[in-house]
file upload27.cif (mmCIF, C-alpha atoms and all ligand atoms)
data_coords
#
loop_
_atom_site.label_atom_id
_atom_site.label_comp_id
_atom_site.auth_asym_id
_atom_site.auth_seq_id
_atom_site.Cartn_x
_atom_site.Cartn_y
_atom_site.Cartn_z
CA MET R 1 -69.07 -90.06 -102.58
CA LYS R 2 -72.06 -89.88 -100.28
CA ILE R 3 -73.31 -92.69 -98.03
CA ASP R 4 -76.67 -92.27 -96.30
CA ILE R 5 -77.46 -94.86 -93.65
CA LEU R 6 -81.08 -95.22 -92.58
CA THR R 7 -81.45 -96.59 -89.09
CA LEU R 8 -83.67 -96.61 -86.02
CA PHE R 9 -80.56 -96.43 -83.80
CA PRO R 10 -78.36 -93.48 -84.86
CA ASN R 11 -76.39 -93.53 -81.59
CA MET R 12 -74.80 -96.82 -82.60
CA PHE R 13 -72.76 -94.89 -85.20
CA GLU R 14 -71.14 -92.35 -82.92
CA GLY R 15 -67.71 -93.89 -82.52
CA PHE R 16 -67.76 -95.13 -86.08
CA LYS R 17 -67.76 -91.65 -87.59
CA THR R 18 -65.50 -90.00 -85.05
CA GLU R 19 -62.47 -92.30 -84.93
CA SER R 20 -59.45 -93.14 -87.04
CA ILE R 21 -59.55 -93.58 -90.82
CA ILE R 22 -63.27 -92.95 -91.31
CA LYS R 23 -63.03 -89.74 -89.30
CA ARG R 24 -60.10 -88.52 -91.41
CA ALA R 25 -61.82 -89.49 -94.68
CA ILE R 26 -64.80 -87.36 -93.68
CA GLU R 27 -62.59 -84.44 -92.62
CA LYS R 28 -60.66 -84.60 -95.89
CA GLY R 29 -63.94 -84.48 -97.82
CA LYS R 30 -63.37 -87.91 -99.38
CA VAL R 31 -66.77 -89.12 -98.23
CA GLU R 32 -69.92 -87.71 -96.70
CA ILE R 33 -71.64 -90.10 -94.30
CA ASN R 34 -75.09 -89.21 -93.04
CA ILE R 35 -76.84 -91.19 -90.34
CA ILE R 36 -80.53 -90.71 -90.89
CA ASP R 37 -83.11 -91.56 -88.25
CA ILE R 38 -86.01 -93.43 -89.82
CA ARG R 39 -88.24 -92.24 -86.97
CA ASP R 40 -88.04 -88.70 -88.35
CA PHE R 41 -90.08 -89.89 -91.32
CA THR R 42 -92.96 -91.68 -89.61
CA PRO R 43 -96.45 -90.28 -90.05
CA TYR R 44 -97.61 -92.12 -86.92
CA LYS R 45 -98.04 -90.79 -83.39
CA ASN R 46 -95.34 -91.32 -80.76
CA ASN R 47 -92.71 -91.91 -83.44
CA GLN R 48 -94.12 -95.36 -84.13
CA VAL R 49 -92.12 -97.27 -86.76
CA ASP R 50 -93.05 -100.90 -86.11
CA ASP R 51 -96.15 -102.96 -85.42
CA TYR R 52 -97.44 -106.50 -84.97
CA GLN R 53 -97.62 -108.78 -87.99
CA PHE R 54 -100.81 -109.74 -89.75
CA GLY R 55 -101.59 -113.42 -89.32
CA GLY R 56 -100.04 -113.61 -85.87
CA GLY R 57 -96.52 -114.51 -84.77
CA GLY R 58 -93.95 -112.95 -82.49
CA GLY R 59 -91.84 -109.86 -82.95
CA MET R 60 -92.37 -106.39 -84.31
CA ILE R 61 -92.23 -105.60 -88.03
CA MET R 62 -90.81 -102.41 -89.52
CA MET R 63 -93.61 -100.45 -91.17
CA CYS R 64 -93.61 -99.28 -94.78
CA GLU R 65 -94.33 -95.56 -94.50
CA PRO R 66 -91.31 -94.38 -92.48
CA VAL R 67 -88.84 -96.28 -94.70
CA PHE R 68 -90.54 -95.29 -97.98
CA ASN R 69 -90.77 -91.65 -96.89
CA ALA R 70 -87.08 -91.57 -95.94
CA VAL R 71 -85.82 -93.24 -99.12
CA GLU R 72 -88.07 -91.17 -101.38
CA LYS R 73 -86.85 -87.96 -99.72
CA ILE R 74 -83.14 -88.66 -100.25
CA ARG R 75 -83.02 -90.82 -103.38
CA THR R 76 -81.83 -89.27 -106.66
CA LYS R 77 -81.10 -90.80 -110.07
CA ASP R 78 -77.51 -91.47 -108.88
CA SER R 79 -78.55 -93.42 -105.78
CA HIS R 80 -77.93 -97.10 -105.24
CA VAL R 81 -80.25 -98.43 -102.55
CA ILE R 82 -78.92 -101.35 -100.51
CA LEU R 83 -81.14 -103.22 -98.10
CA LEU R 84 -79.38 -105.29 -95.45
CA THR R 85 -80.90 -108.68 -94.92
CA PRO R 86 -79.87 -112.31 -94.55
CA ARG R 87 -81.72 -112.79 -97.87
CA GLY R 88 -79.01 -110.87 -99.73
CA LYS R 89 -75.94 -112.23 -101.49
CA THR R 90 -72.96 -112.44 -99.18
CA TYR R 91 -70.81 -109.32 -99.22
CA ASN R 92 -67.17 -109.55 -100.30
CA GLN R 93 -64.18 -107.49 -101.43
CA LYS R 94 -65.31 -107.50 -105.06
CA LYS R 95 -68.57 -105.85 -103.97
CA ALA R 96 -66.59 -103.31 -101.95
CA TYR R 97 -64.75 -102.25 -105.14
CA GLU R 98 -68.06 -102.13 -107.00
CA PHE R 99 -69.74 -99.94 -104.35
CA LYS R 100 -66.71 -97.62 -104.28
CA GLU R 101 -67.62 -96.52 -107.82
CA LYS R 102 -71.11 -95.37 -106.82
CA LYS R 103 -71.80 -91.67 -106.34
CA HIS R 104 -74.49 -92.15 -103.72
CA ILE R 105 -75.27 -95.19 -101.62
CA ILE R 106 -78.31 -95.48 -99.40
CA ILE R 107 -78.14 -98.32 -96.88
CA ILE R 108 -81.31 -99.40 -95.13
CA CYS R 109 -80.80 -101.10 -91.76
CA GLY R 110 -83.57 -103.33 -90.51
CA HIS R 111 -84.22 -104.09 -86.88
CA TYR R 112 -86.67 -106.21 -84.89
CA GLU R 113 -88.32 -109.23 -86.53
CA GLY R 114 -87.97 -107.91 -90.07
CA PHE R 115 -89.14 -105.54 -92.77
CA ASP R 116 -92.69 -105.45 -94.04
CA GLU R 117 -92.29 -107.42 -97.28
CA ARG R 118 -93.19 -104.39 -99.39
CA ILE R 119 -90.08 -102.54 -98.21
CA TYR R 120 -87.91 -104.89 -100.32
CA SER R 121 -89.30 -103.21 -103.43
CA LEU R 122 -87.29 -100.07 -102.56
CA ALA R 123 -83.96 -101.83 -102.92
CA ASP R 124 -81.67 -101.95 -105.93
CA GLU R 125 -79.77 -104.72 -104.18
CA LEU R 126 -80.06 -106.95 -101.11
CA VAL R 127 -76.86 -107.59 -99.17
CA SER R 128 -76.01 -109.96 -96.33
CA ILE R 129 -72.72 -109.91 -94.49
CA GLY R 130 -72.75 -113.61 -93.66
CA ASN R 131 -74.79 -116.64 -92.78
CA PHE R 132 -75.79 -115.53 -89.32
CA ILE R 133 -78.55 -113.33 -87.95
CA LEU R 134 -77.81 -109.95 -86.36
CA THR R 135 -80.22 -107.99 -84.18
CA GLY R 136 -80.18 -105.34 -86.90
CA GLY R 137 -78.40 -104.08 -89.97
CA GLU R 138 -76.39 -101.37 -88.16
CA LEU R 139 -73.18 -103.35 -87.67
CA ALA R 140 -73.48 -104.69 -91.21
CA SER R 141 -73.81 -101.15 -92.59
CA MET R 142 -70.69 -100.07 -90.69
CA MET R 143 -68.74 -103.02 -92.05
CA ILE R 144 -69.76 -102.23 -95.61
CA THR R 145 -69.14 -98.50 -95.25
CA ASP R 146 -65.75 -99.11 -93.64
CA SER R 147 -64.62 -101.48 -96.38
CA VAL R 148 -65.76 -99.11 -99.14
CA VAL R 149 -64.39 -95.87 -97.68
CA ARG R 150 -60.87 -97.26 -97.24
CA LEU R 151 -60.80 -97.98 -101.00
CA ILE R 152 -61.53 -94.36 -101.99
CA ASP R 153 -58.46 -92.69 -103.52
CA GLY R 154 -56.43 -90.85 -100.91
CA VAL R 155 -58.07 -92.38 -97.85
CA ILE R 156 -55.22 -94.78 -97.11
CA THR R 157 -51.87 -95.05 -98.87
CA SER R 158 -52.30 -96.92 -102.15
CA THR R 159 -49.41 -99.30 -101.35
CA SER R 160 -51.52 -100.65 -98.47
CA LEU R 161 -54.17 -101.70 -100.99
CA GLU R 162 -51.77 -103.19 -103.51
CA TYR R 163 -51.05 -106.57 -101.98
CA GLU R 164 -53.80 -106.87 -99.46
CA SER R 165 -55.88 -109.90 -98.69
CA PHE R 166 -58.43 -111.01 -101.30
CA ASN R 167 -57.06 -108.99 -104.22
CA ASP R 168 -56.30 -111.90 -106.61
CA ASN R 169 -57.76 -114.22 -103.94
CA LEU R 170 -54.58 -114.42 -101.88
CA LEU R 171 -54.21 -113.36 -98.27
CA ASP R 172 -51.74 -110.67 -97.23
CA TYR R 173 -48.09 -111.50 -96.54
CA PRO R 174 -46.85 -111.45 -92.91
CA VAL R 175 -45.53 -108.14 -91.57
CA TYR R 176 -43.26 -107.25 -88.64
CA THR R 177 -42.15 -104.18 -86.73
CA LYS R 178 -39.66 -103.54 -83.89
CA PRO R 179 -38.15 -105.28 -81.98
CA ARG R 180 -36.20 -107.55 -84.33
CA VAL R 181 -36.23 -110.33 -81.75
CA PHE R 182 -39.19 -110.79 -79.41
CA ARG R 183 -39.12 -113.70 -76.92
CA GLY R 184 -36.82 -115.61 -79.22
CA MET R 185 -39.02 -115.06 -82.31
CA GLU R 186 -37.01 -113.31 -85.03
CA VAL R 187 -37.99 -111.08 -87.93
CA PRO R 188 -37.06 -112.98 -91.13
CA GLU R 189 -33.56 -111.98 -92.28
CA VAL R 190 -34.70 -111.15 -95.81
CA LEU R 191 -36.80 -108.23 -94.53
CA VAL R 192 -33.87 -106.43 -92.93
CA ASN R 193 -31.17 -106.85 -95.59
CA GLY R 194 -32.50 -104.07 -97.85
CA ASN R 195 -32.68 -106.18 -101.06
CA HIS R 196 -36.03 -105.14 -102.48
CA ALA R 197 -36.15 -107.73 -105.24
CA LEU R 198 -35.66 -110.50 -102.67
CA ILE R 199 -38.22 -108.96 -100.35
CA LYS R 200 -40.77 -108.86 -103.17
CA GLU R 201 -40.10 -112.49 -104.03
CA TYR R 202 -40.32 -113.53 -100.35
CA ARG R 203 -43.63 -111.73 -99.91
CA GLU R 204 -45.19 -113.30 -103.01
CA LYS R 205 -44.18 -116.75 -101.76
CA GLU R 206 -45.49 -116.02 -98.29
CA ARG R 207 -48.88 -114.90 -99.63
CA ARG R 208 -49.25 -118.30 -101.27
CA ARG R 209 -48.00 -120.17 -98.18
CA ILE R 210 -50.29 -118.26 -95.78
CA THR R 211 -53.32 -118.72 -98.04
CA LYS R 212 -52.65 -122.45 -98.38
CA GLU R 213 -52.13 -122.85 -94.63
CA TYR R 214 -55.13 -120.80 -93.40
CA ARG R 215 -57.62 -120.51 -96.26
CA ASP R 216 -57.00 -123.11 -98.91
CA ASP R 217 -60.66 -122.69 -99.90
CA LEU R 218 -59.53 -119.45 -101.59
CA LEU R 219 -57.05 -121.18 -103.88
N1 LIG O 1 -79.57 -108.24 -90.65
C1 LIG O 1 -79.65 -109.30 -89.84
N2 LIG O 1 -78.72 -110.22 -90.14
C2 LIG O 1 -78.01 -109.72 -91.19
C3 LIG O 1 -76.92 -110.18 -91.96
N3 LIG O 1 -76.35 -111.37 -91.73
N4 LIG O 1 -76.46 -109.40 -92.95
C4 LIG O 1 -77.05 -108.21 -93.21
N5 LIG O 1 -78.08 -107.71 -92.52
C5 LIG O 1 -78.57 -108.45 -91.52
#

call {"tool": "encode", "arguments": {"input": "upload27.cif", "output": "C-alpha cells", "more": "lines below"}}
Ligand code: ADE
result
Amino acid sequence: MKIDILTLFPNMFEGFKTESIIKRAIEKGKVEINIIDIRDFTPYKNNQVDDYQFGGGGGMIMMCEPVFNAVEKIRTKDSHVILLTPRGKTYNQKKAYEFKEKKHIIIICGHYEGFDERIYSLADELVSIGNFILTGGELASMMITDSVVRLIDGVITSTSLEYESFNDNLLDYPVYTKPRVFRGMEVPEVLVNGNHALIKEYREKERRRITKEYRDDLL
C-alpha cells in the first residue's frame, strides 16, 4: 500500500515516520509513505501557494494550481484522493478498515483559512476527524495514516486487533502487567490462574461493563 500526503509543512511528519510501529511498517515494506511538499508544484514566484480571497475577508486561501499540479502528477487509476476538511464525514474505525483495502491513498492537507473552493473537485472523499477546527490537516492525516497502517497484515500481531475497541462497537477489556499488586490494587485473580476459558469469559464481560460505564452511547 502507498500513502502520499500532500502538505505545505513536511517537517511536521519527521517523528511520525521515524518512530515505533510506523517506522517498522515502512522498513518491512508493508507501506510506503511519501510526504510531498505542495510548494514543489507551484508555478508562482517565491514558492507562493496561497493568496487573499476574492470579495474580501481575513486569512490566506490555498491556491488551485499547486494542489492540482501535485495531485495530477501522482494520481493513477488506483488512487483514492482524500481531502481533509471539517466539511467531511467524521472518521471512524470502519473507515480505517475501508481505507486499508486501497492500493494508493492520496491525502491532501489544507492549511490557513481554507482551500480555494475548486480544489474540492479533486477529492474522491472529504474526511473530518472531529467537530473541531485544526490549524491544518497535517495532524489529521497522521491520525488517519496511523490507524490504517496498524491494520495492514503483519504490522502488529493479529491478536491485538481481534478484541480491540470499536470492533463490534465494544471497547477493549482491561489489561494488566507486573507487579501483581501495586499500591494495594490487585490484578484480578482470574487473569493469573491460567484457565483460558474463564479468562475469555471474564474479558467478554469486562468489555461490556467498560463500554456501559464509559461509552454507553456505543451500545
Ligand atoms: N482541517 C481543519 N480541521 C479539520 C478537521 N477537524 N478534520 C480534518 N481536517 C481538518

call {"tool": "closest_residue", "arguments": {"input": "upload27.cif", "among": "R:Ser79, R:Asn34, R:Asn11, R:Asn92", "to": "ligand LIG 1 (chain O)", "atoms": "all atoms listed in the file"}}
result
R:Asn92

call {"tool": "closest_atom_pairs", "arguments": {"input": "upload27.cif", "of": "chain R", "to": "ligand LIG 1 (chain O)", "cutoff": "10 Å", "atoms": "only C-alpha atoms and all ligand atoms", "output": "Markdown table"}}
result
| residue | atom | partner | partner_atom | distance |
| --- | --- | --- | --- | --- |
| R:Leu83 | CA | O:LIG1 | N5 | 7.8 |
| R:Leu84 | CA | O:LIG1 | N5 | 4.0 |
| R:Thr85 | CA | O:LIG1 | N5 | 3.8 |
| R:Pro86 | CA | O:LIG1 | C3 | 4.5 |
| R:Arg87 | CA | O:LIG1 | N4 | 8.0 |
| R:Gly88 | CA | O:LIG1 | C4 | 7.3 |
| R:Lys89 | CA | O:LIG1 | N4 | 9.0 |
| R:Thr90 | CA | O:LIG1 | N4 | 7.8 |
| R:Tyr91 | CA | O:LIG1 | N4 | 8.4 |
| R:Ile108 | CA | O:LIG1 | N5 | 9.3 |
| R:Cys109 | CA | O:LIG1 | N5 | 7.2 |
| R:Gly110 | CA | O:LIG1 | N1 | 6.3 |
| R:His111 | CA | O:LIG1 | N1 | 7.3 |
| R:Tyr112 | CA | O:LIG1 | C1 | 9.1 |
| R:Glu113 | CA | O:LIG1 | C1 | 9.3 |
| R:Gly114 | CA | O:LIG1 | N1 | 8.4 |
| R:Leu126 | CA | O:LIG1 | C4 | 8.5 |
| R:Val127 | CA | O:LIG1 | C4 | 6.0 |
| R:Ser128 | CA | O:LIG1 | N4 | 3.5 |
| R:Ile129 | CA | O:LIG1 | N4 | 4.1 |
| R:Gly130 | CA | O:LIG1 | N3 | 4.7 |
| R:Asn131 | CA | O:LIG1 | N3 | 5.6 |
| R:Phe132 | CA | O:LIG1 | N3 | 4.8 |
| R:Ile133 | CA | O:LIG1 | N2 | 3.8 |
| R:Leu134 | CA | O:LIG1 | N2 | 3.9 |
| R:Thr135 | CA | O:LIG1 | C1 | 5.8 |
| R:Gly136 | CA | O:LIG1 | N1 | 4.8 |
| R:Gly137 | CA | O:LIG1 | N1 | 4.4 |
| R:Glu138 | CA | O:LIG1 | N5 | 7.9 |
| R:Leu139 | CA | O:LIG1 | N5 | 8.2 |
| R:Ala140 | CA | O:LIG1 | C4 | 5.4 |
| R:Ser141 | CA | O:LIG1 | C4 | 7.8 |
| R:Met143 | CA | O:LIG1 | C4 | 9.9 |
| R:Ile144 | CA | O:LIG1 | C4 | 9.7 |

call {"tool": "closest_residue", "arguments": {"input": "upload27.cif", "among": "R:Gly194, R:Asn47, R:Thr18, R:Val81", "to": "Ser121 (chain R)", "atoms": "all atoms listed in the file"}}
result
R:Val81

call {"tool": "closest_residue", "arguments": {"input": "upload27.cif", "among": "R:Lys100, R:Pro43, R:Lys77, R:Ala70", "to": "Ile152 (chain R)", "atoms": "all atoms listed in the file"}}
result
R:Lys100

call {"tool": "closest_residue", "arguments": {"input": "upload27.cif", "among": "R:Asp37, R:Glu72, R:Asp78, R:Glu201", "to": "Lys103 (chain R)", "atoms": "only C-alpha atoms"}}
result
R:Asp78

call {"tool": "closest_residue", "arguments": {"input": "upload27.cif", "among": "R:Ile156, R:Ile82, R:Leu8, R:Cys64", "to": "Ile119 (chain R)", "atoms": "all atoms listed in the file"}}
result
R:Cys64

call {"tool": "atom_distance", "arguments": {"input": "upload27.cif", "atom1": "CA of Lys23 (chain R)", "atom2": "CA of Thr7 (chain R)"}}
result
19.7 Å
